[in-house]
file target.cif (mmCIF, C-alpha atoms and all ligand atoms)
data_start
#
loop_
_atom_site.label_atom_id
_atom_site.label_comp_id
_atom_site.auth_asym_id
_atom_site.auth_seq_id
_atom_site.Cartn_x
_atom_site.Cartn_y
_atom_site.Cartn_z
CA MET A 1 97.18 84.08 92.63
CA THR A 2 99.78 81.52 91.48
CA ALA A 3 100.81 80.76 87.90
CA ASN A 4 99.70 77.67 85.93
CA ILE A 5 101.92 75.52 83.77
CA HIS A 6 100.64 75.11 80.25
CA VAL A 7 101.95 72.63 77.72
CA ILE A 8 100.71 73.38 74.24
CA ALA A 9 98.73 70.55 72.76
CA ASN A 10 95.72 70.22 70.52
CA SER A 11 95.09 73.95 70.37
CA ASN A 12 92.61 75.39 67.92
CA TYR A 13 94.62 77.05 65.17
CA ASN A 14 91.86 78.70 63.17
CA SER A 15 92.69 82.37 63.01
CA ILE A 16 95.44 82.40 60.39
CA LEU A 17 93.67 79.66 58.45
CA ILE A 18 90.84 82.09 57.78
CA GLN A 19 93.28 84.72 56.53
CA SER A 20 95.13 82.31 54.30
CA SER A 21 92.31 80.12 52.98
CA HIS A 22 92.26 81.89 49.58
CA ILE A 23 95.92 80.98 49.08
CA TYR A 24 95.09 77.36 49.86
CA ARG A 25 92.61 77.31 46.97
CA GLN A 26 95.28 78.67 44.61
CA THR A 27 97.95 76.27 45.79
CA ARG A 28 95.80 73.15 45.30
CA ILE A 29 96.51 73.66 41.59
CA TRP A 30 99.98 72.22 42.23
CA ALA A 31 98.43 68.81 42.63
CA PHE A 32 97.29 68.88 39.00
CA LEU A 33 100.55 70.05 37.47
CA PRO A 34 102.29 67.40 35.32
CA ARG A 35 103.99 64.96 37.65
CA ILE A 36 107.70 64.28 37.30
CA ARG A 37 108.37 60.66 36.38
CA SER A 38 109.58 58.66 39.33
CA ASP A 39 112.74 56.64 38.87
CA PHE A 40 111.84 54.59 41.91
CA SER A 41 112.02 50.85 41.51
CA PRO A 42 111.21 48.97 44.71
CA THR A 43 112.86 45.76 43.49
CA MET A 44 116.22 45.17 45.21
CA ALA A 45 116.38 48.86 46.12
CA THR A 46 118.45 49.87 49.12
CA TYR A 47 119.16 53.12 50.92
CA SER A 48 121.44 54.68 53.54
CA ALA A 49 120.53 56.42 56.76
CA TRP A 50 122.25 58.04 59.74
CA PHE A 51 121.35 56.19 62.95
CA VAL A 52 121.69 57.36 66.54
CA VAL A 53 123.29 54.25 68.02
CA ARG A 54 124.56 55.43 71.43
CA ARG A 55 124.53 58.39 73.81
CA GLY A 56 127.07 61.15 73.16
CA LEU A 57 128.00 63.99 70.86
CA PRO A 58 127.10 63.41 67.19
CA SER A 59 130.65 62.28 66.34
CA LYS A 60 130.24 59.39 68.79
CA ALA A 61 126.48 58.83 68.65
CA LEU A 62 125.90 58.68 64.88
CA GLU A 63 126.63 55.86 62.44
CA LEU A 64 125.82 55.65 58.73
CA LYS A 65 124.08 52.39 57.82
CA THR A 66 123.98 51.37 54.16
CA GLY A 67 122.21 48.60 52.22
CA LEU A 68 118.90 49.06 54.08
CA SER A 69 115.89 47.70 52.19
CA ILE A 70 113.47 50.32 50.99
CA PRO A 71 110.04 49.43 52.41
CA THR A 72 107.64 48.11 49.77
CA LYS A 73 104.63 47.44 51.99
CA LEU A 74 103.44 50.57 53.74
CA ALA A 75 100.97 50.80 56.60
CA ASP A 76 97.68 52.53 55.84
CA GLY A 77 98.00 56.32 55.88
CA HIS A 78 101.75 56.19 55.24
CA VAL A 79 103.69 57.46 52.23
CA LEU A 80 107.19 56.64 50.93
CA VAL A 81 109.27 59.75 50.29
CA LYS A 82 112.63 60.06 48.56
CA VAL A 83 114.45 62.64 50.68
CA HIS A 84 116.10 65.64 49.00
CA ALA A 85 117.21 67.58 52.07
CA VAL A 86 117.11 67.35 55.87
CA ALA A 87 117.25 70.30 58.30
CA LEU A 88 118.75 69.76 61.75
CA ASN A 89 117.06 70.85 64.98
CA PRO A 90 118.73 71.43 68.37
CA VAL A 91 116.51 68.79 69.99
CA GLY A 92 118.36 66.16 67.90
CA TYR A 93 121.77 66.68 69.49
CA LYS A 94 120.26 67.55 72.89
CA LEU A 95 118.57 64.12 73.11
CA MET A 96 121.64 62.41 71.60
CA ARG A 97 123.94 63.63 74.34
CA THR A 98 121.59 63.43 77.32
CA LEU A 99 119.11 60.51 77.08
CA PRO A 100 120.23 56.98 77.88
CA ASP A 101 119.65 54.37 75.13
CA PHE A 102 116.52 52.81 76.65
CA LEU A 103 114.74 56.17 76.97
CA ASP A 104 115.65 57.29 73.45
CA GLY A 105 114.74 53.94 71.85
CA ARG A 106 118.10 53.56 70.04
CA PRO A 107 119.07 52.64 67.48
CA HIS A 108 116.86 54.92 65.40
CA ILE A 109 117.30 57.26 62.44
CA ALA A 110 118.27 60.79 63.50
CA GLU A 111 116.36 64.09 63.05
CA LEU A 112 112.80 65.28 62.44
CA ASP A 113 112.55 67.59 59.41
CA MET A 114 112.82 66.86 55.69
CA ALA A 115 111.72 67.76 52.16
CA GLY A 116 111.55 65.33 49.26
CA VAL A 117 109.38 63.76 46.62
CA VAL A 118 106.62 61.15 46.98
CA VAL A 119 107.55 57.84 45.35
CA ASP A 120 104.74 55.70 46.79
CA PRO A 121 101.61 57.64 47.75
CA ASN A 122 99.92 54.43 49.00
CA GLY A 123 96.40 55.65 48.29
CA SER A 124 96.87 58.99 50.08
CA GLU A 125 95.94 62.43 48.75
CA PHE A 126 99.47 62.75 47.31
CA GLY A 127 100.60 61.62 43.86
CA VAL A 128 103.87 60.14 42.62
CA GLY A 129 106.30 63.03 42.08
CA ASP A 130 104.62 65.49 44.47
CA LYS A 131 107.21 67.60 46.24
CA VAL A 132 106.49 67.55 49.97
CA PHE A 133 107.89 68.71 53.30
CA GLY A 134 107.13 67.62 56.83
CA GLY A 135 108.25 66.71 60.31
CA THR A 136 108.09 63.22 61.75
CA PRO A 137 105.80 62.85 64.75
CA ASP A 138 107.80 59.78 65.82
CA VAL A 139 111.37 60.58 66.91
CA LYS A 140 112.24 56.89 66.52
CA ARG A 141 111.52 57.12 62.78
CA GLY A 142 113.82 59.99 61.88
CA THR A 143 114.52 61.75 58.61
CA LEU A 144 118.31 61.78 58.10
CA ALA A 145 118.02 59.13 55.38
CA GLU A 146 117.72 58.73 51.62
CA TYR A 147 114.12 57.40 51.98
CA VAL A 148 111.56 57.84 54.74
CA VAL A 149 108.12 56.39 55.45
CA PHE A 150 105.94 59.23 56.70
CA PRO A 151 102.32 59.50 57.87
CA SER A 152 100.59 61.48 55.13
CA SER A 153 99.04 63.63 57.89
CA ALA A 154 102.54 64.98 58.71
CA LEU A 155 103.23 66.12 55.13
CA ALA A 156 102.20 69.07 52.98
CA LEU A 157 102.97 70.05 49.40
CA THR A 158 106.13 72.14 49.13
CA PRO A 159 105.33 75.76 48.25
CA PRO A 160 106.32 76.41 44.60
CA ASN A 161 108.53 79.40 45.51
CA VAL A 162 111.05 77.50 47.65
CA SER A 163 113.77 74.94 46.93
CA ALA A 164 114.02 71.57 48.67
CA VAL A 165 116.90 72.94 50.77
CA GLU A 166 114.65 75.79 51.98
CA ALA A 167 111.62 73.51 52.41
CA ALA A 168 113.59 71.00 54.51
CA GLY A 169 113.45 73.27 57.57
CA LEU A 170 109.88 74.53 57.25
CA ALA A 171 108.04 72.12 59.52
CA VAL A 172 109.50 72.06 63.04
CA VAL A 173 110.34 75.72 63.64
CA ASN A 174 107.38 77.24 61.82
CA LEU A 175 104.85 74.89 63.39
CA THR A 176 106.36 75.54 66.81
CA ALA A 177 106.19 79.32 66.32
CA TYR A 178 102.71 79.33 64.82
CA GLN A 179 101.17 77.01 67.40
CA THR A 180 102.78 78.97 70.25
CA LEU A 181 101.44 82.31 68.96
CA MET A 182 97.95 80.78 68.77
CA THR A 183 98.27 79.59 72.37
CA LEU A 184 99.52 83.02 73.46
CA LYS A 185 96.28 84.39 71.96
CA ILE A 186 97.90 87.54 70.64
CA ASP A 187 95.81 89.85 68.55
CA SER A 188 96.42 92.55 65.98
CA GLY A 189 97.73 95.72 67.65
CA GLN A 190 99.10 93.94 70.73
CA THR A 191 102.80 93.78 71.58
CA ILE A 192 104.74 90.54 71.90
CA PHE A 193 108.25 90.26 73.30
CA ILE A 194 110.32 87.59 71.50
CA ASN A 195 113.59 86.55 73.12
CA GLY A 196 115.95 84.88 70.63
CA GLY A 197 114.55 86.65 67.57
CA SER A 198 117.38 85.38 65.35
CA SER A 199 116.79 81.72 66.21
CA SER A 200 114.90 79.90 63.49
CA VAL A 201 111.88 79.63 65.80
CA GLY A 202 112.23 83.33 66.66
CA MET A 203 112.42 84.47 63.02
CA ALA A 204 109.29 82.45 62.25
CA ALA A 205 107.48 83.92 65.28
CA ILE A 206 108.45 87.48 64.29
CA GLN A 207 107.17 87.06 60.73
CA ILE A 208 103.89 85.41 61.78
CA ALA A 209 103.28 88.00 64.52
CA LYS A 210 103.89 90.83 62.02
CA PHE A 211 101.53 89.11 59.55
CA MET A 212 98.91 89.09 62.31
CA GLY A 213 99.38 92.85 62.79
CA CYS A 214 101.21 92.73 66.13
CA LYS A 215 103.95 94.99 67.40
CA VAL A 216 107.14 92.99 68.02
CA VAL A 217 109.98 93.72 70.43
CA ALA A 218 112.76 91.16 69.87
CA THR A 219 116.27 90.33 71.05
CA ALA A 220 119.43 89.00 69.41
CA SER A 221 123.10 89.87 69.63
CA GLY A 222 124.08 93.12 67.92
CA ARG A 223 125.36 91.39 64.78
CA ASN A 224 121.77 90.27 64.01
CA LYS A 225 120.16 93.69 64.56
CA ASP A 226 119.65 94.50 60.86
CA LEU A 227 118.32 91.01 60.16
CA LEU A 228 115.60 91.49 62.76
CA LEU A 229 114.76 95.04 61.70
CA ASN A 230 114.41 93.78 58.11
CA LEU A 231 111.91 91.17 59.35
CA GLY A 232 109.78 94.06 60.64
CA VAL A 233 110.74 94.11 64.34
CA ASP A 234 109.54 97.38 65.90
CA GLU A 235 112.13 97.51 68.68
CA PHE A 236 115.43 95.64 68.90
CA ILE A 237 117.23 94.77 72.15
CA ASP A 238 120.80 93.43 72.22
CA TYR A 239 120.66 90.65 74.83
CA THR A 240 124.45 90.75 75.22
CA ALA A 241 124.49 94.41 76.36
CA GLU A 242 123.01 93.68 79.82
CA PRO A 243 120.82 90.99 81.44
CA LEU A 244 117.42 91.22 79.75
CA SER A 245 115.29 91.29 82.86
CA GLU A 246 117.41 94.17 84.26
CA ARG A 247 116.97 96.10 81.01
CA LEU A 248 113.19 95.53 81.09
CA LEU A 249 112.92 96.37 84.80
CA LYS A 250 114.74 99.68 84.16
CA GLN A 251 112.64 100.56 81.12
CA PRO A 252 109.33 98.65 81.39
CA PRO A 253 107.09 98.90 78.30
CA THR A 254 103.90 100.95 78.40
CA PRO A 255 101.53 99.18 78.17
CA LYS A 256 103.08 95.95 79.39
CA PHE A 257 103.74 93.17 76.85
CA HIS A 258 100.68 91.10 76.07
CA ALA A 259 102.83 87.97 75.69
CA ILE A 260 106.42 86.80 76.03
CA TYR A 261 107.83 84.09 73.78
CA ASP A 262 111.25 82.82 74.73
CA ALA A 263 112.28 81.41 71.34
CA ALA A 264 115.93 80.87 72.33
CA GLY A 265 115.00 78.31 74.98
CA LEU A 266 115.14 79.37 78.60
CA THR A 267 118.58 80.85 79.24
CA ASP A 268 117.94 82.96 82.35
CA PRO A 269 115.03 82.23 84.74
CA ALA A 270 115.11 85.91 85.81
CA LEU A 271 113.26 86.84 82.60
CA TYR A 272 110.20 84.94 83.90
CA LEU A 273 110.76 85.54 87.61
CA ASN A 274 110.68 89.36 87.14
CA SER A 275 107.97 89.34 84.45
CA THR A 276 105.27 90.89 86.66
CA ALA A 277 106.96 94.23 85.92
CA TYR A 278 106.69 93.96 82.13
CA LEU A 279 104.08 91.28 81.25
CA ALA A 280 100.35 92.15 81.41
CA PRO A 281 98.41 90.34 84.19
CA ASP A 282 96.54 88.14 81.69
CA GLY A 283 99.66 87.67 79.50
CA MET A 284 101.47 84.36 79.19
CA TYR A 285 105.15 83.48 79.15
CA ILE A 286 106.02 80.53 76.91
CA THR A 287 109.47 79.11 76.35
CA ALA A 288 110.51 76.88 73.43
CA GLY A 289 112.49 74.72 75.83
CA THR A 290 115.71 75.06 77.76
CA MET A 291 119.26 75.87 76.77
CA PRO A 292 121.17 74.73 79.87
CA LYS A 293 124.92 74.23 79.76
CA THR A 294 125.10 71.47 82.38
CA GLY A 295 122.71 69.08 84.12
CA LYS A 296 123.25 70.98 87.41
CA GLU A 297 122.36 74.27 85.75
CA PHE A 298 119.22 72.66 84.26
CA VAL A 299 118.01 71.42 87.65
CA GLU A 300 118.68 74.81 89.26
CA MET A 301 116.77 76.56 86.48
CA LEU A 302 113.77 74.25 86.93
CA ARG A 303 113.85 74.77 90.71
CA GLN A 304 113.69 78.54 90.31
CA ILE A 305 110.90 78.38 87.71
CA PHE A 306 108.77 75.97 89.78
CA GLU A 307 109.21 78.11 92.89
CA GLY A 308 108.15 81.16 90.91
CA MET A 309 105.12 79.36 89.51
CA PHE A 310 103.79 77.65 92.58
CA ARG A 311 104.61 79.96 95.49
CA PRO A 312 101.90 82.40 96.55
CA THR A 313 102.66 85.95 95.43
CA TRP A 314 103.27 87.12 99.03
CA LEU A 315 106.08 84.55 99.27
CA GLY A 316 107.72 85.70 96.05
CA GLY A 317 105.63 83.71 93.53
CA VAL A 318 105.12 85.07 90.00
CA PRO A 319 101.47 85.76 89.18
CA ARG A 320 101.95 85.05 85.47
CA GLU A 321 101.23 81.88 83.48
CA PHE A 322 104.31 79.92 82.38
CA GLY A 323 104.31 77.35 79.56
CA VAL A 324 106.64 75.16 77.53
CA SER A 325 105.76 74.67 73.87
CA MET A 326 105.64 71.23 72.29
CA VAL A 327 105.34 71.08 68.51
CA GLN A 328 102.40 69.13 67.09
CA PHE A 329 102.84 67.76 63.57
CA GLU A 330 99.38 68.13 62.21
CA LYS A 331 98.03 68.82 58.77
CA LYS A 332 96.19 72.06 59.40
CA SER A 333 99.25 73.83 60.80
CA LEU A 334 101.46 72.46 58.01
CA GLU A 335 99.07 73.81 55.38
CA ILE A 336 98.91 77.20 57.08
CA VAL A 337 102.71 77.38 57.12
CA ARG A 338 102.79 76.31 53.47
CA ASP A 339 100.30 79.05 52.53
CA LEU A 340 102.20 81.72 54.46
CA VAL A 341 105.42 80.71 52.69
CA ALA A 342 103.69 80.56 49.29
CA GLN A 343 102.49 84.16 49.63
CA GLY A 344 105.87 85.43 50.90
CA ALA A 345 104.67 86.29 54.42
CA LEU A 346 107.06 83.70 55.87
CA LYS A 347 110.53 83.51 54.31
CA PRO A 348 112.70 80.50 55.06
CA LYS A 349 116.29 81.28 56.03
CA VAL A 350 119.11 78.80 55.48
CA ASP A 351 122.33 79.19 57.47
CA SER A 352 124.43 76.63 55.59
CA VAL A 353 124.17 73.53 53.39
CA HIS A 354 126.22 70.37 54.05
CA THR A 355 126.75 67.01 52.38
CA PHE A 356 125.27 63.64 53.44
CA ASP A 357 128.68 62.01 53.99
CA ARG A 358 130.40 61.82 57.40
CA ASP A 359 132.38 65.06 56.98
CA GLY A 360 129.32 66.98 55.89
CA VAL A 361 127.03 65.65 58.62
CA MET A 362 129.60 66.30 61.38
CA GLN A 363 130.25 69.84 60.09
CA ALA A 364 126.50 70.47 60.11
CA TYR A 365 126.13 69.40 63.76
CA GLU A 366 129.23 71.44 64.72
CA LYS A 367 127.59 74.52 63.21
CA LEU A 368 124.25 73.93 64.93
CA MET A 369 125.93 73.29 68.28
CA THR A 370 127.58 76.73 68.23
CA LYS A 371 124.04 78.01 69.03
CA HIS A 372 124.78 80.92 66.72
CA ALA A 373 123.58 79.61 63.35
CA VAL A 374 121.37 82.14 61.60
CA GLY A 375 118.72 80.05 59.90
CA LYS A 376 118.46 76.34 59.26
CA VAL A 377 121.51 74.10 59.03
CA VAL A 378 120.62 71.78 56.13
CA ILE A 379 122.03 68.51 54.82
CA LYS A 380 121.49 68.05 51.10
CA VAL A 381 120.86 64.35 50.55
CA VAL A 382 120.50 64.39 46.79
CA ASN A 383 119.96 67.01 44.08
CA GLU A 384 116.31 67.97 43.79
CA ASN A 385 115.99 66.69 40.23
CA GLU A 386 117.67 63.34 40.79
N1 LIG B 1 109.35 73.09 71.95
C1 LIG B 1 109.48 72.72 70.69
O1 LIG B 1 108.64 72.00 70.16
C2 LIG B 1 110.68 73.24 69.95
C3 LIG B 1 110.75 73.13 68.55
C4 LIG B 1 111.85 73.69 67.90
C5 LIG B 1 112.88 74.29 68.64
N2 LIG B 1 112.79 74.32 69.99
C6 LIG B 1 113.84 74.95 70.82
O2 LIG B 1 113.84 76.34 70.46
C7 LIG B 1 115.14 76.87 70.60
C8 LIG B 1 115.54 77.54 69.28
O3 LIG B 1 115.63 76.54 68.26
P1 LIG B 1 116.13 76.96 66.81
O4 LIG B 1 116.14 75.74 65.96
O5 LIG B 1 115.36 78.13 66.37
O6 LIG B 1 117.63 77.36 67.18
P2 LIG B 1 118.76 78.03 66.28
O7 LIG B 1 118.18 78.52 64.99
O8 LIG B 1 119.91 77.10 66.22
O9 LIG B 1 119.15 79.27 67.21
C9 LIG B 1 120.37 79.95 66.98
C10 LIG B 1 120.14 81.40 67.31
O10 LIG B 1 119.89 81.54 68.71
C11 LIG B 1 120.36 82.81 69.12
N3 LIG B 1 120.76 82.73 70.53
C12 LIG B 1 121.72 81.94 71.07
N4 LIG B 1 121.81 82.16 72.40
C13 LIG B 1 120.89 83.13 72.69
C14 LIG B 1 120.52 83.78 73.89
N5 LIG B 1 121.11 83.51 75.06
N6 LIG B 1 119.54 84.71 73.82
C15 LIG B 1 118.95 85.03 72.65
N7 LIG B 1 119.27 84.44 71.48
C16 LIG B 1 120.23 83.50 71.50
C17 LIG B 1 121.56 83.09 68.25
O11 LIG B 1 121.58 84.47 67.98
P3 LIG B 1 122.92 85.32 68.30
O12 LIG B 1 123.99 84.71 67.43
O13 LIG B 1 122.52 86.71 67.95
O14 LIG B 1 123.20 85.10 69.77
C18 LIG B 1 121.30 82.29 66.97
O15 LIG B 1 120.93 83.11 65.89
C19 LIG B 1 116.06 75.70 70.99
O16 LIG B 1 116.21 75.70 72.39
C20 LIG B 1 115.25 74.48 70.54
O17 LIG B 1 115.58 73.31 71.25
C21 LIG B 1 111.71 73.82 70.66
#
call {"tool": "encode", "arguments": {"input": "target.cif", "output": "structure tokens", "more": "lines below"}}
Ligand SMILES: NC(=O)c1ccc[n+]([C@@H]2O[C@H](COP(=O)([O-])OP(=O)(O)OC[C@H]3O[C@@H](n4cnc5c(N)ncnc54)[C@H](OP(=O)(O)O)[C@@H]3O)[C@@H](O)[C@H]2O)c1
result
Amino acid sequence: MTANIHVIANSNYNSILIQSSHIYRQTRIWAFLPRIRSDFSPTMATYSAWFVVRRGLPSKALELKTGLSIPTKLADGHVLVKVHAVALNPVGYKLMRTLPDFLDGRPHIAELDMAGVVVDPNGSEFGVGDKVFGGTPDVKRGTLAEYVVFPSSALALTPPNVSAVEAAGLAVVNLTAYQTLMTLKIDSGQTIFINGGSSSVGMAAIQIAKFMGCKVVATASGRNKDLLLNLGVDEFIDYTAEPLSERLLKQPPTPKFHAIYDAAGLTDPALYLNSTAYLAPDGMYITAGTMPKTGKEFVEMLRQIFEGMFRPTWLGGVPREFGVSMVQFEKKSLEIVRDLVAQGALKPKVDSVHTFDRDGVMQAYEKLMTKHAVGKVVIKVVNENE
């Protein structure tokens, strides 16, 4: 038997929806609360946005453009949002420094995540003044801006128990984690191994898996041990103590893990290549992406993974399914995430908050690029009540 590659797309995400549907009914009340008056005047209004204009590190790739006209005519199904806060995601700087201009469609506004307030609902289900969060499904129409035009299908009402700074990072990491767990088909009572438990994706996956009644074994460096135990992790492994696959080969779990979620992004192919010893035969291994240091390292990592996947077992192939997750910005998942946050099952974590000016934005990217942020790195665009 050889392994199959599996890219997550259009999965059926019903199971948590059933558990959280009662919260959805309660939260719809928000739509009828008195709306805050919008100070938005489309006449002569302009805004600023950070554009990715060339390949390179953020300090070279990003430029602030001012005096941009705020759109007054919106396409059907689109909403104009005044942005309060934007959360950064690693994919932003990864694409910035690797993709050539023609592949990345530059210039375009940077980033994917945001929270803000609806100023032109354009006939959608939202009203003026609704607080919303979401992730853009179109990387060429980013969010690091004072105003964004968003498909209403990629937005949900902000849970009442979180601030805009906390809501800014809800979409990408929580949707990624939730959709991946649904694809891994884990069930209450089963054990999932989460590598990179202190990444924002990892923390989301831990909390959702615990909500589903799973046992969670998760990794981080020792300094994040208490954080993970407080999230409900049943067993903690310090990935810096020894190579993970060696640790798991020496002490394989009984029974074997039902699923492995690499929420750090593939750092060591050995974790997959040796997984027969610690992943159940029908279990899947999904990674959130890659975390290579150089292009050469990336190619070598892919070579090893593909050999493991496609070689027959007798030639050293790995008889376990391997997949790479790809977040889907769709309404149902956004509403499930919103409901989980509203009931306290999923707690957003913010690493740091930065300003929208050049110093603030560059400091934010510097922090994210350390790969050791604990929670979302957020840029506050404007105060929530302005
Ligand atoms: N496929 C998708 O749709 C999708 C969506 C979102 C994110 N992603 C990917 O998912 C990964 C995580 O994203 P994120 O936003 O959650 O990142 P993040 O919050 O910036 O992750 C930082 C955390 O990663 C941990 N970490 C760093 N190196 C590690 C390693 N070798 N092993 C285990 N943990 C390690 C650090 O913990 P310590 O300080 O304890 O080391 C730190 O707390 C990234 O590769 C990102 O590109 C993919």
call {"tool": "atom_distance", "arguments": {"input": "target.cif", "atom1": "CA of Asp359 in chain A", "atom2": "CA of Leu103 in chain A"}}
result
28.1 Å
call {"tool": "closest_atom_pairs", "arguments": {"input": "target.cif", "of": "chain A", "to": "ligand LIG 1 (chain B)", "cutoff": "6 Å", "atoms": "all atoms listed in the file", "output": "tab-separated table"}}
result
residue	atom	partner	partner_atom	distance
A:Asn89	CA	B:LIG1	O4	5.1
A:Pro90	CA	B:LIG1	O17	4.7
A:Val91	CA	B:LIG1	O17	4.8
A:Val172	CA	B:LIG1	C4	5.6
A:Val173	CA	B:LIG1	C4	5.0
A:Thr176	CA	B:LIG1	C3	5.3
A:Asn195	CA	B:LIG1	C15	5.6
A:Gly196	CA	B:LIG1	N7	3.5
A:Ser198	CA	B:LIG1	O15	4.2
A:Ser199	CA	B:LIG1	C10	3.5
A:Ser200	CA	B:LIG1	O5	3.4
A:Val201	CA	B:LIG1	O5	3.8
A:Ala220	CA	B:LIG1	O13	4.1
A:Ser221	CA	B:LIG1	O13	3.6
A:Asn224	CA	B:LIG1	O13	5.4
A:Ala263	CA	B:LIG1	O2	5.4
A:Ala264	CA	B:LIG1	C7	4.4
A:Gly265	CA	B:LIG1	O16	3.9
A:Thr267	CA	B:LIG1	N5	5.6
A:Ala288	CA	B:LIG1	N1	4.2
A:Gly289	CA	B:LIG1	O16	5.2
A:Thr290	CA	B:LIG1	O16	5.4
A:Met291	CA	B:LIG1	O16	5.3
A:Ser325	CA	B:LIG1	N1	4.4
A:Met326	CA	B:LIG1	O1	3.8
A:Val327	CA	B:LIG1	O1	3.8
A:Leu368	CA	B:LIG1	O8	5.5
A:Lys371	CA	B:LIG1	C9	4.6
A:His372	CA	B:LIG1	C18	3.7
A:Ala373	CA	B:LIG1	C9	4.9
A:Val374	CA	B:LIG1	O15	4.4
A:Gly375	CA	B:LIG1	O7	5.3
call {"tool": "closest_residue", "arguments": {"input": "target.cif", "among": "A:Pro71, A:Pro269, A:Gly129, A:Pro107", "to": "Val52 in chain A", "atoms": "only C-alpha atoms"}}
result
A:Pro107
call {"tool": "residues_around", "arguments": {"input": "target.cif", "residues": "Ser245 in chain A", "least_positions_apart": "5", "cutoff": "12 Å", "atoms": "only C-alpha atoms", "output": "PyMOL selection string"}}
result
chain A and resi 193+195+219+237+239-240+250-252+267-279
call {"tool": "write_last_selection", "arguments": {"input": "target.cif", "atoms": "C-alpha atoms", "output": "CSV table (one decimal), in the frame of the given file"}}
result
chain,number,residue,atom,x,y,z
A,193,PHE,CA,108.2,90.3,73.3
A,195,ASN,CA,113.6,86.6,73.1
A,219,THR,CA,116.3,90.3,71.0
A,237,ILE,CA,117.2,94.8,72.2
A,239,TYR,CA,120.7,90.6,74.8
A,240,THR,CA,124.4,90.8,75.2
A,250,LYS,CA,114.7,99.7,84.2
A,251,GLN,CA,112.6,100.6,81.1
A,252,PRO,CA,109.3,98.6,81.4
A,267,THR,CA,118.6,80.8,79.2
A,268,ASP,CA,117.9,83.0,82.4
A,269,PRO,CA,115.0,82.2,84.7
A,270,ALA,CA,115.1,85.9,85.8
A,271,LEU,CA,113.3,86.8,82.6
A,272,TYR,CA,110.2,84.9,83.9
A,273,LEU,CA,110.8,85.5,87.6
A,274,ASN,CA,110.7,89.4,87.1
A,275,SER,CA,108.0,89.3,84.4
A,276,THR,CA,105.3,90.9,86.7
A,277,ALA,CA,107.0,94.2,85.9
A,278,TYR,CA,106.7,94.0,82.1
A,279,LEU,CA,104.1,91.3,81.2
call {"tool": "closest_residue", "arguments": {"input": "target.cif", "among": "A:Glu146, A:Asp120, A:Asp130, A:Asp262", "to": "His84 in chain A", "atoms": "all atoms listed in the file"}}
result
A:Glu146
call {"tool": "closest_residue", "arguments": {"input": "target.cif", "among": "A:Ala205, A:Ile260, A:Ala164, A:Leu228", "to": "Tyr285 in chain A", "atoms": "all atoms listed in the file"}}
result
A:Ile260
call {"tool": "decode", "arguments": {"input": "target.cif", "residues": "range 274-285 of chain A", "atoms": "N, CA and C atoms", "output": "mmCIF file, in the first residue's frame"}}
result
data_model
loop_
_atom_site.group_PDB
_atom_site.id
_atom_site.type_symbol
_atom_site.label_atom_id
_atom_site.label_comp_id
_atom_site.auth_asym_id
_atom_site.auth_seq_id
_atom_site.Cartn_x
_atom_site.Cartn_y
_atom_site.Cartn_z
ATOM 1 N N ASN A 274 8.745 8.242 9.586
ATOM 2 C CA ASN A 274 8.759 7.166 10.601
ATOM 3 C C ASN A 274 7.375 6.914 11.211
ATOM 4 N N SER A 275 6.334 7.540 10.634
ATOM 5 C CA SER A 275 5.036 7.563 11.335
ATOM 6 C C SER A 275 4.347 6.210 11.429
ATOM 7 N N THR A 276 4.774 5.228 10.625
ATOM 8 C CA THR A 276 4.163 3.896 10.726
ATOM 9 C C THR A 276 4.242 3.382 12.169
ATOM 10 N N ALA A 277 5.297 3.770 12.875
ATOM 11 C CA ALA A 277 5.504 3.262 14.242
ATOM 12 C C ALA A 277 4.550 3.884 15.257
ATOM 13 N N TYR A 278 4.008 5.069 14.953
ATOM 14 C CA TYR A 278 3.181 5.732 15.985
ATOM 15 C C TYR A 278 1.854 6.296 15.481
ATOM 16 N N LEU A 279 1.538 6.105 14.176
ATOM 17 C CA LEU A 279 0.252 6.561 13.633
ATOM 18 C C LEU A 279 -0.559 5.337 13.204
ATOM 19 N N ALA A 280 -1.816 5.259 13.621
ATOM 20 C CA ALA A 280 -2.661 4.101 13.312
ATOM 21 C C ALA A 280 -2.764 3.924 11.795
ATOM 22 N N PRO A 281 -2.948 2.663 11.326
ATOM 23 C CA PRO A 281 -2.948 2.400 9.876
ATOM 24 C C PRO A 281 -3.949 3.255 9.102
ATOM 25 N N ASP A 282 -5.110 3.550 9.696
ATOM 26 C CA ASP A 282 -6.091 4.369 8.964
ATOM 27 C C ASP A 282 -5.974 5.852 9.364
ATOM 28 N N GLY A 283 -4.926 6.205 10.117
ATOM 29 C CA GLY A 283 -4.748 7.593 10.546
ATOM 30 C C GLY A 283 -4.095 8.425 9.453
ATOM 31 N N MET A 284 -4.324 9.727 9.507
ATOM 32 C CA MET A 284 -3.758 10.621 8.493
ATOM 33 C C MET A 284 -2.760 11.577 9.112
ATOM 34 N N TYR A 285 -1.794 11.976 8.328
ATOM 35 C CA TYR A 285 -0.809 12.989 8.739
ATOM 36 C C TYR A 285 -1.069 14.226 7.881
#
